file query_6.pdb (PDB, C-alpha atoms, pLDDT in the B column)
ATOM      1  CA  MET Y   1     -83.555 -93.016  -6.914  1.00 36.00           C
ATOM      2  CA  THR Y   2     -84.200 -96.621  -7.946  1.00 38.00           C
ATOM      3  CA  THR Y   3     -82.234 -99.524  -6.586  1.00 41.00           C
ATOM      4  CA  ALA Y   4     -80.442-101.825  -9.008  1.00 45.00           C
ATOM      5  CA  ASP Y   5     -81.578-105.418  -9.288  1.00 48.00           C
ATOM      6  CA  PRO Y   6     -78.965-107.364  -7.275  1.00 45.00           C
ATOM      7  CA  PHE Y   7     -78.762-110.001 -10.032  1.00 48.00           C
ATOM      8  CA  GLU Y   8     -77.731-107.383 -12.607  1.00 55.00           C
ATOM      9  CA  LEU Y   9     -74.704-106.251 -10.635  1.00 64.00           C
ATOM     10  CA  ALA Y  10     -72.128-108.712 -11.910  1.00 86.00           C
ATOM     11  CA  PRO Y  11     -71.778-112.284 -13.079  1.00 93.00           C
ATOM     12  CA  SER Y  12     -72.122-114.884 -10.362  1.00 94.00           C
ATOM     13  CA  ALA Y  13     -68.862-115.745  -8.595  1.00 94.00           C
ATOM     14  CA  TRP Y  14     -69.769-119.431  -9.109  1.00 96.00           C
ATOM     15  CA  VAL Y  15     -70.101-118.923 -12.881  1.00 97.00           C
ATOM     16  CA  ILE Y  16     -66.834-116.988 -13.045  1.00 97.00           C
ATOM     17  CA  ARG Y  17     -64.989-119.589 -10.975  1.00 97.00           C
ATOM     18  CA  PHE Y  18     -65.961-122.545 -13.157  1.00 98.00           C
ATOM     19  CA  GLY Y  19     -66.712-120.716 -16.394  1.00 97.00           C
ATOM     20  CA  SER Y  20     -63.031-119.802 -16.550  1.00 96.00           C
ATOM     21  CA  SER Y  21     -62.319-123.532 -17.033  1.00 96.00           C
ATOM     22  CA  ILE Y  22     -64.428-123.828 -20.187  1.00 97.00           C
ATOM     23  CA  GLU Y  23     -62.420-124.386 -23.352  1.00 94.00           C
ATOM     24  CA  PRO Y  24     -61.352-120.985 -24.748  1.00 93.00           C
ATOM     25  CA  GLY Y  25     -63.658-120.010 -27.586  1.00 94.00           C
ATOM     26  CA  GLY Y  26     -66.023-122.891 -26.818  1.00 97.00           C
ATOM     27  CA  SER Y  27     -69.729-122.383 -27.421  1.00 98.00           C
ATOM     28  CA  ILE Y  28     -71.826-121.313 -24.454  1.00 98.00           C
ATOM     29  CA  LEU Y  29     -75.562-121.603 -23.874  1.00 98.00           C
ATOM     30  CA  ASP Y  30     -77.005-119.205 -21.293  1.00 98.00           C
ATOM     31  CA  VAL Y  31     -80.454-120.557 -20.393  1.00 97.00           C
ATOM     32  CA  ALA Y  32     -83.093-118.057 -19.201  1.00 95.00           C
ATOM     33  CA  CYS Y  33     -80.409-115.423 -19.666  1.00 94.00           C
ATOM     34  CA  GLY Y  34     -82.288-112.550 -18.042  1.00 90.00           C
ATOM     35  CA  SER Y  35     -80.308-109.338 -18.354  1.00 89.00           C
ATOM     36  CA  GLY Y  36     -77.440-111.221 -19.988  1.00 93.00           C
ATOM     37  CA  ARG Y  37     -74.837-110.774 -17.264  1.00 94.00           C
ATOM     38  CA  HIS Y  38     -73.361-114.231 -17.942  1.00 96.00           C
ATOM     39  CA  ALA Y  39     -73.820-114.236 -21.719  1.00 96.00           C
ATOM     40  CA  ASN Y  40     -72.039-110.883 -21.947  1.00 95.00           C
ATOM     41  CA  TRP Y  41     -69.241-112.064 -19.632  1.00 96.00           C
ATOM     42  CA  PHE Y  42     -68.557-115.108 -21.839  1.00 97.00           C
ATOM     43  CA  ALA Y  43     -68.837-113.096 -25.076  1.00 96.00           C
ATOM     44  CA  ALA Y  44     -66.270-110.604 -23.755  1.00 95.00           C
ATOM     45  CA  ARG Y  45     -63.899-113.562 -23.306  1.00 96.00           C
ATOM     46  CA  GLY Y  46     -64.221-114.685 -26.920  1.00 96.00           C
ATOM     47  CA  HIS Y  47     -66.776-117.474 -26.559  1.00 97.00           C
ATOM     48  CA  ALA Y  48     -69.458-118.101 -29.169  1.00 97.00           C
ATOM     49  CA  VAL Y  49     -72.505-117.394 -27.008  1.00 97.00           C
ATOM     50  CA  HIS Y  50     -76.109-118.463 -27.486  1.00 97.00           C
ATOM     51  CA  ALA Y  51     -78.711-117.092 -25.096  1.00 97.00           C
ATOM     52  CA  VAL Y  52     -82.383-117.866 -24.678  1.00 97.00           C
ATOM     53  CA  ASP Y  53     -85.094-116.123 -22.700  1.00 95.00           C
ATOM     54  CA  ARG Y  54     -88.826-115.596 -23.027  1.00 94.00           C
ATOM     55  CA  ASP Y  55     -88.342-111.817 -22.980  1.00 90.00           C
ATOM     56  CA  ASP Y  56     -86.497-109.701 -25.519  1.00 80.00           C
ATOM     57  CA  GLN Y  57     -83.055-108.688 -24.318  1.00 74.00           C
ATOM     58  CA  SER Y  58     -81.725-105.229 -25.046  1.00 71.00           C
ATOM     59  CA  LYS Y  59     -78.681-105.540 -22.786  1.00 83.00           C
ATOM     60  CA  LEU Y  60     -77.018-108.342 -24.753  1.00 89.00           C
ATOM     61  CA  SER Y  61     -73.870-107.755 -26.762  1.00 88.00           C
ATOM     62  CA  SER Y  62     -74.443-107.818 -30.515  1.00 89.00           C
ATOM     63  CA  GLN Y  63     -72.028-110.790 -30.636  1.00 92.00           C
ATOM     64  CA  ILE Y  64     -74.551-113.026 -28.850  1.00 95.00           C
ATOM     65  CA  ALA Y  65     -76.945-115.261 -30.803  1.00 95.00           C
ATOM     66  CA  PHE Y  66     -80.192-114.638 -28.935  1.00 95.00           C
ATOM     67  CA  LYS Y  67     -83.391-116.666 -29.297  1.00 95.00           C
ATOM     68  CA  ARG Y  68     -86.632-115.451 -27.807  1.00 94.00           C
ATOM     69  CA  SER Y  69     -88.489-118.547 -26.636  1.00 95.00           C
ATOM     70  CA  ASP Y  70     -90.688-119.602 -23.756  1.00 95.00           C
ATOM     71  CA  ILE Y  71     -88.750-122.809 -23.109  1.00 96.00           C
ATOM     72  CA  GLU Y  72     -91.396-123.988 -20.667  1.00 95.00           C
ATOM     73  CA  LYS Y  73     -94.102-124.014 -23.331  1.00 95.00           C
ATOM     74  CA  GLU Y  74     -92.363-124.163 -26.718  1.00 95.00           C
ATOM     75  CA  ALA Y  75     -90.140-126.782 -28.348  1.00 95.00           C
ATOM     76  CA  TRP Y  76     -86.523-126.723 -27.191  1.00 96.00           C
ATOM     77  CA  PRO Y  77     -84.824-124.359 -29.681  1.00 96.00           C
ATOM     78  CA  TYR Y  78     -81.405-126.071 -29.499  1.00 97.00           C
ATOM     79  CA  GLN Y  79     -82.449-129.649 -30.263  1.00 96.00           C
ATOM     80  CA  GLY Y  80     -79.366-131.741 -31.056  1.00 95.00           C
ATOM     81  CA  GLN Y  81     -76.892-128.952 -30.316  1.00 97.00           C
ATOM     82  CA  LEU Y  82     -74.030-129.442 -27.866  1.00 98.00           C
ATOM     83  CA  PHE Y  83     -72.226-126.715 -25.941  1.00 98.00           C
ATOM     84  CA  ALA Y  84     -68.858-126.414 -24.199  1.00 98.00           C
ATOM     85  CA  GLY Y  85     -70.741-124.690 -21.399  1.00 98.00           C
ATOM     86  CA  VAL Y  86     -74.389-124.757 -20.358  1.00 98.00           C
ATOM     87  CA  ILE Y  87     -75.052-121.987 -17.847  1.00 98.00           C
ATOM     88  CA  VAL Y  88     -78.205-121.730 -15.738  1.00 98.00           C
ATOM     89  CA  THR Y  89     -78.711-119.306 -12.867  1.00 96.00           C
ATOM     90  CA  ASN Y  90     -81.791-118.344 -10.886  1.00 94.00           C
ATOM     91  CA  TYR Y  91     -84.027-120.554 -13.005  1.00 95.00           C
ATOM     92  CA  LEU Y  92     -85.661-123.942 -12.542  1.00 95.00           C
ATOM     93  CA  HIS Y  93     -87.959-125.868 -14.840  1.00 95.00           C
ATOM     94  CA  ARG Y  94     -87.541-129.533 -13.934  1.00 96.00           C
ATOM     95  CA  PRO Y  95     -88.820-130.960 -17.248  1.00 96.00           C
ATOM     96  CA  LEU Y  96     -85.784-129.346 -18.956  1.00 96.00           C
ATOM     97  CA  MET Y  97     -83.161-130.761 -16.603  1.00 97.00           C
ATOM     98  CA  LYS Y  98     -82.368-133.872 -18.677  1.00 97.00           C
ATOM     99  CA  THR Y  99     -82.280-131.773 -21.872  1.00 97.00           C
ATOM    100  CA  LEU Y 100     -79.779-129.369 -20.292  1.00 98.00           C
ATOM    101  CA  VAL Y 101     -77.515-132.155 -19.064  1.00 98.00           C
ATOM    102  CA  ASN Y 102     -77.632-133.776 -22.515  1.00 97.00           C
ATOM    103  CA  ALA Y 103     -76.669-130.457 -24.167  1.00 98.00           C
ATOM    104  CA  VAL Y 104     -73.211-130.578 -22.558  1.00 98.00           C
ATOM    105  CA  ALA Y 105     -70.591-131.419 -25.196  1.00 98.00           C
ATOM    106  CA  PRO Y 106     -67.795-133.916 -24.583  1.00 97.00           C
ATOM    107  CA  GLU Y 107     -65.351-132.255 -22.161  1.00 96.00           C
ATOM    108  CA  GLY Y 108     -67.977-129.536 -21.623  1.00 98.00           C
ATOM    109  CA  TRP Y 109     -69.413-128.071 -18.432  1.00 98.00           C
ATOM    110  CA  LEU Y 110     -72.781-127.622 -16.772  1.00 98.00           C
ATOM    111  CA  ILE Y 111     -72.713-124.690 -14.370  1.00 98.00           C
ATOM    112  CA  TYR Y 112     -76.022-124.409 -12.538  1.00 98.00           C
ATOM    113  CA  GLU Y 113     -76.981-122.200  -9.610  1.00 97.00           C
ATOM    114  CA  THR Y 114     -80.483-121.506  -8.327  1.00 96.00           C
ATOM    115  CA  PHE Y 115     -82.633-121.326  -5.253  1.00 95.00           C
ATOM    116  CA  ALA Y 116     -83.180-124.301  -2.967  1.00 95.00           C
ATOM    117  CA  ALA Y 117     -85.599-125.502  -0.318  1.00 88.00           C
ATOM    118  CA  GLY Y 118     -85.346-123.244   2.703  1.00 85.00           C
ATOM    119  CA  ASN Y 119     -85.281-120.080   0.601  1.00 91.00           C
ATOM    120  CA  GLU Y 120     -88.914-119.424   1.485  1.00 91.00           C
ATOM    121  CA  ARG Y 121     -87.591-117.939   4.779  1.00 90.00           C
ATOM    122  CA  PHE Y 122     -85.896-115.174   2.783  1.00 89.00           C
ATOM    123  CA  GLY Y 123     -88.629-114.287   0.289  1.00 87.00           C
ATOM    124  CA  ARG Y 124     -89.073-115.162  -3.359  1.00 91.00           C
ATOM    125  CA  PRO Y 125     -88.980-117.645  -4.805  1.00 84.00           C
ATOM    126  CA  SER Y 126     -90.833-119.505  -2.107  1.00 85.00           C
ATOM    127  CA  ARG Y 127     -92.995-122.035  -3.968  1.00 86.00           C
ATOM    128  CA  SER Y 128     -91.659-125.603  -4.073  1.00 86.00           C
ATOM    129  CA  GLU Y 129     -91.801-125.822  -7.881  1.00 86.00           C
ATOM    130  CA  PHE Y 130     -89.114-123.108  -7.993  1.00 89.00           C
ATOM    131  CA  LEU Y 131     -86.883-124.526  -5.242  1.00 92.00           C
ATOM    132  CA  LEU Y 132     -84.452-127.403  -5.656  1.00 93.00           C
ATOM    133  CA  GLN Y 133     -84.674-130.188  -3.114  1.00 95.00           C
ATOM    134  CA  PRO Y 134     -81.500-131.347  -1.304  1.00 94.00           C
ATOM    135  CA  GLY Y 135     -79.236-133.214  -3.731  1.00 96.00           C
ATOM    136  CA  GLU Y 136     -81.489-132.581  -6.724  1.00 96.00           C
ATOM    137  CA  LEU Y 137     -78.701-131.241  -8.955  1.00 97.00           C
ATOM    138  CA  LEU Y 138     -76.461-134.159  -7.959  1.00 97.00           C
ATOM    139  CA  GLU Y 139     -79.222-136.562  -9.000  1.00 97.00           C
ATOM    140  CA  ALA Y 140     -79.724-134.731 -12.310  1.00 97.00           C
ATOM    141  CA  VAL Y 141     -76.112-135.269 -13.433  1.00 97.00           C
ATOM    142  CA  LYS Y 142     -75.617-138.736 -11.926  1.00 97.00           C
ATOM    143  CA  GLY Y 143     -74.174-141.146 -14.486  1.00 95.00           C
ATOM    144  CA  LYS Y 144     -73.822-138.367 -17.088  1.00 96.00           C
ATOM    145  CA  LEU Y 145     -71.409-135.748 -15.760  1.00 98.00           C
ATOM    146  CA  GLN Y 146     -68.592-135.727 -13.216  1.00 97.00           C
ATOM    147  CA  VAL Y 147     -69.266-133.404 -10.291  1.00 98.00           C
ATOM    148  CA  VAL Y 148     -66.380-130.978  -9.775  1.00 98.00           C
ATOM    149  CA  ALA Y 149     -68.094-128.903  -7.080  1.00 98.00           C
ATOM    150  CA  TYR Y 150     -71.472-128.832  -5.361  1.00 98.00           C
ATOM    151  CA  GLU Y 151     -73.005-126.669  -2.659  1.00 97.00           C
ATOM    152  CA  ASN Y 152     -76.390-126.380  -0.972  1.00 95.00           C
ATOM    153  CA  ASP Y 153     -76.086-123.536   1.482  1.00 94.00           C
ATOM    154  CA  PHE Y 154     -77.015-120.070   2.679  1.00 93.00           C
ATOM    155  CA  VAL Y 155     -75.493-117.120   0.790  1.00 92.00           C
ATOM    156  CA  GLU Y 156     -75.565-113.436   1.710  1.00 90.00           C
ATOM    157  CA  PHE Y 157     -74.767-112.002  -1.721  1.00 84.00           C
ATOM    158  CA  PRO Y 158     -76.346-110.767  -3.913  1.00 84.00           C
ATOM    159  CA  LYS Y 159     -79.194-111.197  -1.394  1.00 88.00           C
ATOM    160  CA  PRO Y 160     -79.742-113.579   1.537  1.00 92.00           C
ATOM    161  CA  ALA Y 161     -80.895-116.892   0.067  1.00 92.00           C
ATOM    162  CA  ILE Y 162     -80.575-120.649   0.147  1.00 94.00           C
ATOM    163  CA  VAL Y 163     -78.980-121.805  -3.094  1.00 95.00           C
ATOM    164  CA  GLN Y 164     -77.911-125.044  -4.640  1.00 97.00           C
ATOM    165  CA  ARG Y 165     -75.177-125.027  -7.255  1.00 97.00           C
ATOM    166  CA  ILE Y 166     -73.169-127.488  -9.215  1.00 98.00           C
ATOM    167  CA  ALA Y 167     -70.247-127.427 -11.591  1.00 98.00           C
ATOM    168  CA  ALA Y 168     -70.103-130.704 -13.478  1.00 98.00           C
ATOM    169  CA  ARG Y 169     -68.024-131.784 -16.442  1.00 98.00           C
ATOM    170  CA  SER Y 170     -68.479-134.328 -19.159  1.00 96.00           C
ATOM    171  CA  VAL Y 171     -65.733-136.913 -18.907  1.00 84.00           C
ATOM    172  CA  GLU Y 172     -66.458-138.132 -22.399  1.00 74.00           C
ATOM    173  CA  ALA Y 173     -63.543-137.246 -24.703  1.00 65.00           C
ATOM    174  CA  ALA Y 174     -64.183-134.981 -27.655  1.00 61.00           C
ATOM    175  CA  ALA Y 175     -63.934-136.620 -31.067  1.00 57.00           C
ATOM    176  CA  GLY Y 176     -60.582-135.804 -32.642  1.00 55.00           C
TER     177      GLY Y 176
END
call {"tool": "encode", "arguments": {"input": "query_6.pdb", "output": "structure tokens"}}
result
Amino acid sequence: MTTADPFELAPSAWVIRFGSSIEPGGSILDVACGSGRHANWFAARGHAVHAVDRDDQSKLSSQIAFKRSDIEKEAWPYQGQLFAGVIVTNYLHRPLMKTLVNAVAPEGWLIYETFAAGNERFGRPSRSEFLLQPGELLEAVKGKLQVVAYENDFVEFPKPAIVQRIAARSVEAAAG
């Protein structure tokens, strides 16, 4: 019997908590979508969902606009597009941080959750290029988005880890 990947179990509680605040029907971008747990969750709630990953995704709902792209090596496939929600979990590529923050539409949300320094005690990822430093997400949104919630702490679920997460909103009003 094989064990299920703990990240395929269900959408992150952090994403559910703040994703529920995203404008109904608003467009969502799930970055490095993996198995699609978040993309599928948003699509089931009537959002127009875009998802990107370097691997083909067979678990995504047919309603999701998927782009296969290695966003660490190829041009950003959503240049100039804005989203009501930009969702990133368990992924870090620092050169994209500014691009992701700038992809948040007026009144939109950035919901980001990934591993942080200290996680090396619990296994992978353990290399510094894959671990956020204390306050790094706060610094990334400073002057651009309003922080609604932020944590840098130990979690037990879905596996013991040190994570950093932020839910930040654009305070810029949408054009009427």
call {"tool": "closest_residue", "arguments": {"input": "query_6.pdb", "among": "Y:Asn152, Y:Ser61, Y:Thr89, Y:Ser128", "to": "Val31 of chain Y", "atoms": "all atoms listed in the file"}}
result
Y:Thr89
call {"tool": "closest_residue", "arguments": {"input": "query_6.pdb", "among": "Y:Ser58, Y:Gln164, Y:Asn102, Y:Ser35", "to": "Val86 of chain Y", "atoms": "only C-alpha atoms"}}
result
Y:Asn102
call {"tool": "closest_residue", "arguments": {"input": "query_6.pdb", "among": "Y:Trp14, Y:Phe83, Y:Phe66, Y:Trp41", "to": "Leu29 of chain Y", "atoms": "only C-alpha atoms"}}
result
Y:Phe83
call {"tool": "closest_residue", "arguments": {"input": "query_6.pdb", "among": "Y:Tyr150, Y:Trp76, Y:Phe157, Y:Tyr112", "to": "Val15 of chain Y", "atoms": "only C-alpha atoms"}}
result
Y:Tyr112
call {"tool": "closest_residue", "arguments": {"input": "query_6.pdb", "among": "Y:Arg94, Y:Arg121, Y:Lys159, Y:Lys144", "to": "Glu107 of chain Y", "atoms": "only C-alpha atoms"}}
result
Y:Lys144
call {"tool": "resolve_selection", "arguments": {"input": "query_6.pdb", "expression": "the PyMOL selection byres ((chain Y and resi 59) around 12)", "output": "PyMOL selection string"}}
result
chain Y and resi 8+33-41+51+55-58+60-64+66
call {"tool": "write_last_selection", "arguments": {"input": "query_6.pdb", "atoms": "C-alpha atoms", "output": "PDB file, in the coordinates of the input"}}
result
ATOM      1  CA  GLU Y   8     -77.731-107.383 -12.607  1.00 55.00           C
ATOM      2  CA  CYS Y  33     -80.409-115.423 -19.666  1.00 94.00           C
ATOM      3  CA  GLY Y  34     -82.288-112.550 -18.042  1.00 90.00           C
ATOM      4  CA  SER Y  35     -80.308-109.338 -18.354  1.00 89.00           C
ATOM      5  CA  GLY Y  36     -77.440-111.221 -19.988  1.00 93.00           C
ATOM      6  CA  ARG Y  37     -74.837-110.774 -17.264  1.00 94.00           C
ATOM      7  CA  HIS Y  38     -73.361-114.231 -17.942  1.00 96.00           C
ATOM      8  CA  ALA Y  39     -73.820-114.236 -21.719  1.00 96.00           C
ATOM      9  CA  ASN Y  40     -72.039-110.883 -21.947  1.00 95.00           C
ATOM     10  CA  TRP Y  41     -69.241-112.064 -19.632  1.00 96.00           C
ATOM     11  CA  ALA Y  51     -78.711-117.092 -25.096  1.00 97.00           C
ATOM     12  CA  ASP Y  55     -88.342-111.817 -22.980  1.00 90.00           C
ATOM     13  CA  ASP Y  56     -86.497-109.701 -25.519  1.00 80.00           C
ATOM     14  CA  GLN Y  57     -83.055-108.688 -24.318  1.00 74.00           C
ATOM     15  CA  SER Y  58     -81.725-105.229 -25.046  1.00 71.00           C
ATOM     16  CA  LEU Y  60     -77.018-108.342 -24.753  1.00 89.00           C
ATOM     17  CA  SER Y  61     -73.870-107.755 -26.762  1.00 88.00           C
ATOM     18  CA  SER Y  62     -74.443-107.818 -30.515  1.00 89.00           C
ATOM     19  CA  GLN Y  63     -72.028-110.790 -30.636  1.00 92.00           C
ATOM     20  CA  ILE Y  64     -74.551-113.026 -28.850  1.00 95.00           C
ATOM     21  CA  PHE Y  66     -80.192-114.638 -28.935  1.00 95.00           C
TER      22      PHE Y  66
END
call {"tool": "atom_distance", "arguments": {"input": "query_6.pdb", "atom1": "atom CA of Ala84 of chain Y", "atom2": "atom CA of Glu23 of chain Y"}}
result
6.8 Å
call {"tool": "atom_distance", "arguments": {"input": "query_6.pdb", "atom1": "atom CA of Leu145 of chain Y", "atom2": "atom CA of Ala13 of chain Y"}}
result
21.4 Å
call {"tool": "resolve_selection", "arguments": {"input": "query_6.pdb", "expression": "the PyMOL selection byres ((chain Y and resi 27) around 10)", "output": "PyMOL selection string"}}
result
chain Y and resi 22-26+28-29+42-43+46-50+82-86+105+108
call {"tool": "atom_distance", "arguments": {"input": "query_6.pdb", "atom1": "atom CA of Glu129 of chain Y", "atom2": "atom CA of Val148 of chain Y"}}
result
26.0 Å
call {"tool": "residues_around", "arguments": {"input": "query_6.pdb", "residues": "Lys98 of chain Y", "least_positions_apart": "3", "cutoff": "12 Å", "atoms": "all atoms listed in the file", "output": "ChimeraX atom specification"}}
result
/Y:76,93-95,101-104,110,137,139-145
call {"tool": "resolve_selection", "arguments": {"input": "query_6.pdb", "expression": "the PyMOL selection byres ((chain Y and resi 133) around 12)", "output": "MDAnalysis selection string"}}
result
chainID Y and resid 92 94 114:119 127:132 134:140 152:153 162:165
call {"tool": "write_last_selection", "arguments": {"input": "query_6.pdb", "atoms": "C-alpha atoms", "output": "CSV table (one decimal), keeping the file's coordinate frame"}}
result
chain,number,residue,atom,x,y,z
Y,92,LEU,CA,-85.7,-123.9,-12.5
Y,94,ARG,CA,-87.5,-129.5,-13.9
Y,114,THR,CA,-80.5,-121.5,-8.3
Y,115,PHE,CA,-82.6,-121.3,-5.3
Y,116,ALA,CA,-83.2,-124.3,-3.0
Y,117,ALA,CA,-85.6,-125.5,-0.3
Y,118,GLY,CA,-85.3,-123.2,2.7
Y,119,ASN,CA,-85.3,-120.1,0.6
Y,127,ARG,CA,-93.0,-122.0,-4.0
Y,128,SER,CA,-91.7,-125.6,-4.1
Y,129,GLU,CA,-91.8,-125.8,-7.9
Y,130,PHE,CA,-89.1,-123.1,-8.0
Y,131,LEU,CA,-86.9,-124.5,-5.2
Y,132,LEU,CA,-84.5,-127.4,-5.7
Y,134,PRO,CA,-81.5,-131.3,-1.3
Y,135,GLY,CA,-79.2,-133.2,-3.7
Y,136,GLU,CA,-81.5,-132.6,-6.7
Y,137,LEU,CA,-78.7,-131.2,-9.0
Y,138,LEU,CA,-76.5,-134.2,-8.0
Y,139,GLU,CA,-79.2,-136.6,-9.0
Y,140,ALA,CA,-79.7,-134.7,-12.3
Y,152,ASN,CA,-76.4,-126.4,-1.0
Y,153,ASP,CA,-76.1,-123.5,1.5
Y,162,ILE,CA,-80.6,-120.6,0.1
Y,163,VAL,CA,-79.0,-121.8,-3.1
Y,164,GLN,CA,-77.9,-125.0,-4.6
Y,165,ARG,CA,-75.2,-125.0,-7.3
call {"tool": "closest_residue", "arguments": {"input": "query_6.pdb", "among": "Y:Val88, Y:Glu113, Y:Ala32, Y:Pro125", "to": "Ile71 of chain Y", "atoms": "all atoms listed in the file"}}
result
Y:Ala32
call {"tool": "decode", "arguments": {"input": "query_6.pdb", "residues": "segment 19-36 of chain Y", "atoms": "N, CA and C atoms", "output": "CSV table (one decimal), in the first residue's frame"}}
result
chain,number,residue,atom,x,y,z
Y,19,GLY,N,-8.6,32.6,0.8
Y,19,GLY,CA,-9.2,32.5,-0.5
Y,19,GLY,C,-10.7,32.7,-0.5
Y,20,SER,N,-11.3,32.5,0.6
Y,20,SER,CA,-12.8,32.7,0.7
Y,20,SER,C,-13.1,34.2,0.6
Y,21,SER,N,-12.1,35.0,0.8
Y,21,SER,CA,-12.4,36.5,0.7
Y,21,SER,C,-12.2,37.1,-0.7
Y,22,ILE,N,-11.7,36.3,-1.6
Y,22,ILE,CA,-11.5,36.8,-2.9
Y,22,ILE,C,-12.8,37.0,-3.6
Y,23,GLU,N,-12.9,38.1,-4.4
Y,23,GLU,CA,-14.1,38.4,-5.1
Y,23,GLU,C,-14.7,37.2,-5.8
Y,24,PRO,N,-16.0,36.9,-5.5
Y,24,PRO,CA,-16.6,35.8,-6.2
Y,24,PRO,C,-16.5,35.8,-7.7
Y,25,GLY,N,-16.0,34.8,-8.3
Y,25,GLY,CA,-15.9,34.7,-9.8
Y,25,GLY,C,-14.6,35.3,-10.2
Y,26,GLY,N,-13.8,36.0,-9.4
Y,26,GLY,CA,-12.6,36.6,-9.7
Y,26,GLY,C,-11.6,35.7,-10.3
Y,27,SER,N,-10.7,36.1,-11.1
Y,27,SER,CA,-9.7,35.3,-11.7
Y,27,SER,C,-8.6,34.9,-10.7
Y,28,ILE,N,-8.1,33.7,-10.8
Y,28,ILE,CA,-7.2,33.1,-9.8
Y,28,ILE,C,-6.0,32.6,-10.6
Y,29,LEU,N,-4.8,32.9,-10.1
Y,29,LEU,CA,-3.6,32.3,-10.7
Y,29,LEU,C,-2.9,31.4,-9.6
Y,30,ASP,N,-2.8,30.1,-9.9
Y,30,ASP,CA,-2.2,29.1,-9.0
Y,30,ASP,C,-0.8,28.9,-9.6
Y,31,VAL,N,0.2,29.4,-8.9
Y,31,VAL,CA,1.6,29.3,-9.4
Y,31,VAL,C,2.3,28.0,-8.9
Y,32,ALA,N,2.9,27.3,-9.8
Y,32,ALA,CA,3.5,26.0,-9.5
Y,32,ALA,C,2.5,25.1,-8.8
Y,33,CYS,N,1.4,24.9,-9.6
Y,33,CYS,CA,0.2,24.3,-9.1
Y,33,CYS,C,0.3,22.9,-8.6
Y,34,GLY,N,1.3,22.2,-8.9
Y,34,GLY,CA,1.4,20.8,-8.5
Y,34,GLY,C,0.2,20.0,-8.9
Y,35,SER,N,-0.3,19.3,-7.9
Y,35,SER,CA,-1.5,18.4,-8.2
Y,35,SER,C,-2.8,19.1,-8.5
Y,36,GLY,N,-2.7,20.4,-8.2
Y,36,GLY,CA,-3.9,21.3,-8.5
Y,36,GLY,C,-4.9,21.4,-7.4
